[in-house]
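*Asks:* Could you have a look at this structure, given as structure tokens, before my questions?
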Amino acid sequence: WALGELRPGSLSASGLMTDNGSGSGLAAVAFDIDGVFKYGREWSPDGYSALQRLAAANIPHVFVTNGGGGLTEKSYASGFAAKVTGAASNASDPAPLMSDENMILSYSPWKRALGAELANRRVLLVGDPYDKVTQVAESYGLRRAVHYQDYARRHSTLNPFRQAKEDGGSHTAVDNKTTGAMGSAQRSQQPPAADADDTDPFAAVLVMCDPFEWFEALQCIVDILCSPTPAISEYDPSVPPVPVHFSNPDVLWKAQHPYPRFGQGAFKIALKALYHTRLRSLRVPEETHDEMVASSFRQWGKPTEATFRFLEERLRAFASAPAAGGARAERFYMVGDNPASDIEGVRRANIFHKAKGNDTAWKGVLVKTGV
């Protein structure tokens with residue numbers, strides 16, 4: 001299946017225009033972006049016309065990606081609309097809806113699900129570019145979000161490689177520039193200078209998107225998992241591990257390189273392995289490790305239940321709007337390129353609705369391009 005094959009006739013033939021038998025249903029479509037509308041840095045010439053055909057058939061649609069790049073929904077939608085329109089061979093009016101209203105990024109559900117709870121709590125923000133992810137956190141009402149690079153700068157001994165990189169030297173004691181009675185090897189064992197917020201425990205870690213500095217981000221998170229006040233104590237067994245929210249489970253994604261590249265899911269695998277290793281070094285009983293990870297690591301993004309419920313709510317809201325005829329959407333279609341996220345999400349959603357005993361159903365449409 002390809003975007004260029006989308007025709008009003010094919011919509012009816014495939015069931016996309018049918019209701020749930022009672023005449024009260026309306027189909028709605030969720031589109032993945034990477035591998036569907038774009039392949040690496042190349043954009044499909046068929047995307048614009050495909051969206052126009054959906055609009056002509058009065059079918060609501062949203063865009064959902066396991067990415068986001070640390071952009072706000074408004075900024076991402078603006079760039080997306082420009083690229084889709086620019087790639088079209090004939091971008092005629094009326095223009096299809098491509099705005100922050102129907103743009104769902106991997107972390108979009110956090111604004112409602114976590115924003116109020118964490119608004120005034122100290123949270124570690126992981127992801128880059130720095131200025132963009134901090135802007136998103138601010139727009140979500142997270143007033144006390146601390147970017148992982150800021151935290152590392154304030155605690156200069158946290159990352160022994162940062163100073164060496166900035167000085168152009170080595171992190172080893174024999175090569176650094178410190179001299180005197182107390183060498184750097186001794187000084188590095190001293191606790192870092194206190195920060196005004198160090199006594200305030202971290203309430204959560206938010207992995208919004210891929211960090212540029214994996215080592216520094218991993219070190220920060222493991223320290224916080226071991227103690228919510230990591231500048232004060234190395235390990236605090238009196239409190240459960242801090243929740244770590246991951247916005248994107250994709251281990252691989254389709255970039256410009258001819259073969260898939262590691263994504264946030266790979267970062268999560270690395271973090272889990274290092275956390276286990278750190279717990280062993282602290283002599284924490286091995287039989288408790290899996291439970292500690294399970295209680296702390298919380299996944300969002302396709303194919304998770306949380307993201308698909310968010311998708312359904314957003315699609316139903318569009319289907320209830322006057323422009324969509326006021327009908328409730330109960331036939332959802334996921335158009336994507338990744339069987340492990342897009343199509344697996346469809347499978348899980350159908351299991352969920354069958355268990356609930358309702359007649360909501362999802363169908364997956366796998367495109368020929370992408371992962």
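Here's how to read the names in the structure tokens: chain A, B, ... by the order shown, residue numbers from 1 in each chain, ligand numbers from 1 in the order shown.
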A:Lys254: which residues within 12 Å, counting only C-alpha atoms, same-chain residues fewer than 5 positions away excluded, as a PDB file with C-alpha atoms, in the first residue's frame?
*Replies:*
ATOM      1  CA  ILE A  33       4.991  10.126   9.481  1.00  0.00           C
ATOM      2  CA  ASP A  34       8.483   8.643   9.084  1.00  0.00           C
ATOM      3  CA  GLY A  35       8.420   6.007   6.368  1.00  0.00           C
ATOM      4  CA  VAL A  36       4.916   7.079   5.266  1.00  0.00           C
ATOM      5  CA  LYS A  38       8.849  10.865   4.240  1.00  0.00           C
ATOM      6  CA  TYR A  39      11.692   8.435   3.670  1.00  0.00           C
ATOM      7  CA  GLY A  40      14.825   9.772   5.350  1.00  0.00           C
ATOM      8  CA  ARG A  41      14.870  13.365   4.085  1.00  0.00           C
ATOM      9  CA  GLU A  42      12.781  12.684   0.976  1.00  0.00           C
ATOM     10  CA  ASN A  66       7.156   8.130  17.859  1.00  0.00           C
ATOM     11  CA  GLY A  67       9.453  11.054  17.208  1.00  0.00           C
ATOM     12  CA  TYR A 259      19.886   0.968   7.069  1.00  0.00           C
ATOM     13  CA  PRO A 260      17.793   1.601  10.220  1.00  0.00           C
ATOM     14  CA  ARG A 261      19.479   3.494  13.095  1.00  0.00           C
ATOM     15  CA  PHE A 262      19.238   3.058  16.871  1.00  0.00           C
ATOM     16  CA  GLY A 263      16.488   5.064  18.565  1.00  0.00           C
ATOM     17  CA  ASP A 337       5.565   1.505   8.112  1.00  0.00           C
ATOM     18  CA  ASN A 338       6.682  -0.318  11.253  1.00  0.00           C
ATOM     19  CA  THR A 369       8.256   2.018   2.465  1.00  0.00           C
ATOM     20  CA  GLY A 370      10.078   2.571   5.755  1.00  0.00           C
ATOM     21  CA  VAL A 371      11.490   0.136   8.321  1.00  0.00           C
TER      22      VAL A 371
END
*Asks:* Could you pull the residues within 8 Å of A:Phe332, counting only C-alpha atoms, minus those fewer than 5 positions along the same chain, as a ChimeraX atom specification?
*Replies:* /A:27-30,312,360-363
*Asks:* Using all heavy atoms, can you write the selected residues to a file as a PDB file, in the first residue's frame?
*Replies:*
ATOM      1  N   ALA A  27     -15.487   6.297  10.118  1.00  0.00           N
ATOM      2  CA  ALA A  27     -14.090   5.902  10.132  1.00  0.00           C
ATOM      3  C   ALA A  27     -13.195   7.101  10.426  1.00  0.00           C
ATOM      4  O   ALA A  27     -13.561   8.250  10.174  1.00  0.00           O
ATOM      5  CB  ALA A  27     -13.720   5.288   8.786  1.00  0.00           C
ATOM      6  N   ALA A  28     -12.027   6.813  10.960  1.00  0.00           N
ATOM      7  CA  ALA A  28     -11.028   7.849  11.208  1.00  0.00           C
ATOM      8  C   ALA A  28      -9.650   7.221  11.047  1.00  0.00           C
ATOM      9  O   ALA A  28      -9.480   6.021  11.270  1.00  0.00           O
ATOM     10  CB  ALA A  28     -11.198   8.435  12.607  1.00  0.00           C
ATOM     11  N   VAL A  29      -8.685   8.029  10.647  1.00  0.00           N
ATOM     12  CA  VAL A  29      -7.369   7.508  10.273  1.00  0.00           C
ATOM     13  C   VAL A  29      -6.263   8.170  11.081  1.00  0.00           C
ATOM     14  O   VAL A  29      -6.263   9.395  11.260  1.00  0.00           O
ATOM     15  CB  VAL A  29      -7.096   7.727   8.770  1.00  0.00           C
ATOM     16  CG1 VAL A  29      -5.733   7.147   8.385  1.00  0.00           C
ATOM     17  CG2 VAL A  29      -8.193   7.097   7.922  1.00  0.00           C
ATOM     18  N   ALA A  30      -5.321   7.349  11.549  1.00  0.00           N
ATOM     19  CA  ALA A  30      -4.101   7.849  12.190  1.00  0.00           C
ATOM     20  C   ALA A  30      -2.935   7.515  11.268  1.00  0.00           C
ATOM     21  O   ALA A  30      -2.741   6.359  10.901  1.00  0.00           O
ATOM     22  CB  ALA A  30      -3.913   7.188  13.552  1.00  0.00           C
ATOM     23  N   GLU A 312      -7.351   7.537  20.183  1.00  0.00           N
ATOM     24  CA  GLU A 312      -8.795   7.342  20.043  1.00  0.00           C
ATOM     25  C   GLU A 312      -9.571   8.562  20.536  1.00  0.00           C
ATOM     26  O   GLU A 312     -10.528   9.001  19.879  1.00  0.00           O
ATOM     27  CB  GLU A 312      -9.228   6.095  20.812  1.00  0.00           C
ATOM     28  CG  GLU A 312      -8.731   4.800  20.199  1.00  0.00           C
ATOM     29  CD  GLU A 312      -8.947   3.603  21.093  1.00  0.00           C
ATOM     30  OE1 GLU A 312      -9.476   3.770  22.217  1.00  0.00           O
ATOM     31  OE2 GLU A 312      -8.597   2.493  20.673  1.00  0.00           O
ATOM     32  N   THR A 360     -15.600  -1.139  19.188  1.00  0.00           N
ATOM     33  CA  THR A 360     -14.543  -0.340  18.568  1.00  0.00           C
ATOM     34  C   THR A 360     -13.500  -1.275  17.969  1.00  0.00           C
ATOM     35  O   THR A 360     -13.100  -2.246  18.609  1.00  0.00           O
ATOM     36  CB  THR A 360     -13.888   0.580  19.606  1.00  0.00           C
ATOM     37  OG1 THR A 360     -14.871   1.481  20.101  1.00  0.00           O
ATOM     38  CG2 THR A 360     -12.745   1.365  18.990  1.00  0.00           C
ATOM     39  N   ALA A 361     -13.061  -0.973  16.759  1.00  0.00           N
ATOM     40  CA  ALA A 361     -12.089  -1.839  16.089  1.00  0.00           C
ATOM     41  C   ALA A 361     -11.035  -1.014  15.358  1.00  0.00           C
ATOM     42  O   ALA A 361     -11.301   0.084  14.881  1.00  0.00           O
ATOM     43  CB  ALA A 361     -12.804  -2.760  15.095  1.00  0.00           C
ATOM     44  N   TRP A 362      -9.846  -1.570  15.309  1.00  0.00           N
ATOM     45  CA  TRP A 362      -8.728  -0.987  14.571  1.00  0.00           C
ATOM     46  C   TRP A 362      -8.342  -1.908  13.415  1.00  0.00           C
ATOM     47  O   TRP A 362      -8.459  -3.127  13.518  1.00  0.00           O
ATOM     48  CB  TRP A 362      -7.516  -0.822  15.476  1.00  0.00           C
ATOM     49  CG  TRP A 362      -7.532   0.375  16.365  1.00  0.00           C
ATOM     50  CD1 TRP A 362      -8.139   0.487  17.577  1.00  0.00           C
ATOM     51  CD2 TRP A 362      -6.900   1.638  16.109  1.00  0.00           C
ATOM     52  NE1 TRP A 362      -7.928   1.739  18.102  1.00  0.00           N
ATOM     53  CE2 TRP A 362      -7.154   2.467  17.221  1.00  0.00           C
ATOM     54  CE3 TRP A 362      -6.132   2.146  15.057  1.00  0.00           C
ATOM     55  CZ2 TRP A 362      -6.685   3.776  17.310  1.00  0.00           C
ATOM     56  CZ3 TRP A 362      -5.652   3.441  15.134  1.00  0.00           C
ATOM     57  CH2 TRP A 362      -5.931   4.247  16.252  1.00  0.00           C
ATOM     58  N   LYS A 363      -7.867  -1.301  12.333  1.00  0.00           N
ATOM     59  CA  LYS A 363      -7.260  -2.056  11.237  1.00  0.00           C
ATOM     60  C   LYS A 363      -5.924  -1.402  10.899  1.00  0.00           C
ATOM     61  O   LYS A 363      -5.801  -0.183  10.936  1.00  0.00           O
ATOM     62  CB  LYS A 363      -8.162  -2.072   9.998  1.00  0.00           C
ATOM     63  CG  LYS A 363      -9.402  -2.937  10.146  1.00  0.00           C
ATOM     64  CD  LYS A 363     -10.164  -3.049   8.837  1.00  0.00           C
ATOM     65  CE  LYS A 363     -11.385  -3.958   8.982  1.00  0.00           C
ATOM     66  NZ  LYS A 363     -12.141  -4.072   7.708  1.00  0.00           N
TER      67      LYS A 363
END
*Asks:* Taking only C-alpha atoms into account, name the residue in A:Val123, A:Leu274, A:Leu97, A:Ala266 that is nearest to A:His147.
*Replies:*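 Ranked by minimum distance to A:His147, first place goes to A:Val123.
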*Asks:* Rank nothing, just name the residue among A:Gln149, A:Ser75, A:Thr65, A:Asn90 nearest to A:Gln52, using only C-alpha atoms.
*Replies:*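 Selected residue with least distance to A:Gln52: A:Asn90.
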*Asks:* Name the residues in contact with stretch 128-135 of chain A at a cut-off of 12 Å, using only C-alpha atoms, excluding same-chain residues fewer than 3 positions from it; report them as a ChimeraX atom specification.
*Replies:* /A:68-76,107,123-125,138-150,206-214,217,264
*Asks:* Would you mind telling me which residue in A:Gly265, A:Gly345, A:Gly79, A:Pro240 lies nearest to A:Ser295 when using only C-alpha atoms?
*Replies:*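 Answer, going by the shortest atom-to-atom distance: A:Pro240.
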*Asks:* Return the single residue from A:Met334, A:Cys226, A:Val293, A:Ala204 that is closest to A:Arg347, with distances computed using only C-alpha atoms.
*Replies:*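 Closest to A:Arg347 of all the choices is A:Met334.
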*Asks:* Report, in Å with one decimal, the straight-line distance from atom CA of A:Ser238 to atom CA of A:His289.
*Replies:*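 Separation of atom CA of A:Ser238 and atom CA of A:His289: 15.2 Å.
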*Asks:* Within 12 Å of A:Ala294, counting only C-alpha atoms, which residues qualify if same-chain residues fewer than 2 places away don't, as a list of chain:residue names?
*Replies:*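 Counting only C-alpha atoms, the residues come to A:Pro240, A:Pro241, A:Val242, A:Pro243, A:Val244, A:His245, A:Lys272, A:His276, A:Thr288, A:His289, A:Asp290, A:Glu291, A:Met292, A:Ser296, A:Phe297, A:Arg298, A:Gln299.
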*Asks:* So, counting only C-alpha atoms, which residue among A:Ser49, A:Ala203, A:Ser44, A:Arg316 is closest to A:Lys83?
*Replies:*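 Closest to A:Lys83 of all the choices is A:Ser44.
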*Asks:* Taking only C-alpha atoms into account, name the residue in A:Arg154, A:Arg283, A:His257, A:Arg278 that is nearest to A:Asp223.
*Replies:*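 The shortest atom-to-atom distance to A:Asp223 comes from A:Arg278.
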*Asks:* Just give me the gap between atom CA of A:Ala82 and atom CA of A:Trp43 in Å, one decimal is fine.
*Replies:*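 These two atoms are separated by 10.7 Å.
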*Asks:* Please identify all polymer residues within 9 Å of A:Ser341, counting only C-alpha atoms, omitting same-chain residues fewer than 4 positions from it, and present them as a list in words.
*Replies:*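 What passes the distance filter is Asn66, Pro249, Asp250, Gly301, Lys302, Pro303, Thr304, Gly336, Asp337, Gly345 and Val346 of chain A.
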*Asks:* Take the residues just selected and output them with C-alpha atoms as a compact mmCIF listing (two decimals), in the first residue's frame.
*Replies:*
# COMPACT_ATOMS: atom_id res chain seq x y z
CA ASN A 66 7.16 8.13 17.86
CA PRO A 249 9.96 2.52 22.42
CA ASP A 250 11.45 2.21 18.91
CA GLY A 301 4.45 5.92 22.29
CA LYS A 302 3.24 3.37 19.76
CA PRO A 303 2.36 0.53 20.36
CA THR A 304 1.49 1.25 24.02
CA GLY A 336 2.29 3.04 9.22
CA ASP A 337 5.57 1.50 8.11
CA GLY A 345 -0.40 -1.20 18.37
CA VAL A 346 -3.43 -2.15 16.29
*Asks:* Which residues in stretch 101-338 of chain A does DSSP call alpha helix (DSSP H)? List them as number ranges by chain.
*Replies:* A: 110-113, 115-118, 130-139, 148-154, 160-167, 184-187, 214-226, 264-281, 289-296, 305-320
*Asks:* Go ahead and save the residues from that selection, with C-alpha atoms, as a compact mmCIF listing (two decimals), in the first residue's frame.
*Replies:*
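So the final result, stored in out26.txt, reads:
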# COMPACT_ATOMS: atom_id res chain seq x y z
CA TRP A 110 2.32 13.92 28.82
CA LYS A 111 0.80 17.39 28.87
CA ARG A 112 -2.49 16.07 30.17
CA ALA A 113 -1.32 12.87 31.86
CA GLY A 115 1.56 18.05 33.51
CA ALA A 116 -0.63 18.73 36.54
CA GLU A 117 1.04 16.08 38.73
CA LEU A 118 4.58 17.28 38.01
CA TYR A 130 18.43 21.68 24.65
CA ASP A 131 16.47 24.84 23.83
CA LYS A 132 13.67 22.97 22.10
CA VAL A 133 13.00 20.31 24.74
CA THR A 134 13.07 22.88 27.52
CA GLN A 135 10.54 24.94 25.55
CA VAL A 136 8.24 21.91 25.30
CA ALA A 137 8.56 21.26 29.04
CA GLU A 138 7.63 24.88 29.72
CA SER A 139 4.62 24.66 27.40
CA TYR A 148 20.30 16.70 32.20
CA GLN A 149 23.13 18.82 30.78
CA ASP A 150 22.34 21.65 33.23
CA TYR A 151 22.39 19.19 36.09
CA ALA A 152 25.75 17.81 34.97
CA ARG A 153 27.21 21.32 34.66
CA ARG A 154 26.09 22.21 38.18
CA PRO A 160 34.55 13.06 34.39
CA PHE A 161 34.67 13.30 30.61
CA ARG A 162 32.88 16.65 30.29
CA GLN A 163 35.70 18.70 31.81
CA ALA A 164 38.33 16.74 29.90
CA LYS A 165 36.46 17.39 26.66
CA GLU A 166 36.16 21.12 27.38
CA ASP A 167 39.84 21.37 28.39
CA SER A 184 42.49 15.79 41.23
CA ALA A 185 42.22 12.09 41.96
CA GLN A 186 41.74 12.97 45.63
CA ARG A 187 39.59 16.00 44.87
CA TRP A 214 24.32 9.31 25.97
CA PHE A 215 27.00 8.83 28.65
CA GLU A 216 26.00 11.94 30.58
CA ALA A 217 22.28 11.22 30.33
CA LEU A 218 22.70 7.57 31.38
CA GLN A 219 24.87 8.55 34.34
CA CYS A 220 22.37 11.17 35.51
CA ILE A 221 19.42 8.78 35.30
CA VAL A 222 21.15 5.87 37.03
CA ASP A 223 22.24 8.19 39.85
CA ILE A 224 18.63 9.38 40.29
CA LEU A 225 17.26 5.82 40.14
CA CYS A 226 19.59 4.90 42.99
CA GLN A 264 15.24 5.75 22.08
CA GLY A 265 14.40 2.10 22.61
CA ALA A 266 18.10 1.33 22.35
CA PHE A 267 18.82 4.00 24.96
CA LYS A 268 16.30 2.31 27.26
CA ILE A 269 18.01 -1.07 26.78
CA ALA A 270 21.36 0.50 27.69
CA LEU A 271 19.87 2.22 30.74
CA LYS A 272 18.28 -0.99 32.00
CA ALA A 273 21.55 -2.90 31.67
CA LEU A 274 23.54 -0.19 33.47
CA TYR A 275 20.95 0.12 36.24
CA HIS A 276 21.16 -3.64 36.88
CA THR A 277 24.95 -3.39 36.94
CA ARG A 278 24.90 -0.46 39.37
CA LEU A 279 22.50 -2.26 41.71
CA ARG A 280 24.84 -5.25 41.79
CA SER A 281 27.76 -2.99 42.67
CA HIS A 289 16.17 -5.91 40.44
CA ASP A 290 13.45 -6.83 37.94
CA GLU A 291 10.72 -5.56 40.24
CA MET A 292 12.56 -2.27 40.71
CA VAL A 293 12.85 -1.79 36.95
CA ALA A 294 9.22 -2.76 36.36
CA SER A 295 7.98 -0.31 38.99
CA SER A 296 10.06 2.55 37.58
CA GLU A 305 -2.04 1.27 25.34
CA ALA A 306 -1.64 4.79 26.74
CA THR A 307 -0.81 6.27 23.34
CA PHE A 308 -3.56 4.40 21.48
CA ARG A 309 -6.18 5.50 24.02
CA PHE A 310 -4.95 9.07 23.51
CA LEU A 311 -5.24 8.59 19.74
CA GLU A 312 -8.79 7.34 20.04
CA GLU A 313 -9.85 10.28 22.19
CA ARG A 314 -8.36 12.76 19.73
CA LEU A 315 -9.96 11.04 16.72
CA ARG A 316 -13.34 10.86 18.44
CA ALA A 317 -13.14 14.57 19.17
CA PHE A 318 -12.60 15.28 15.47
CA ALA A 319 -15.39 12.88 14.50
CA SER A 320 -17.76 14.68 16.87
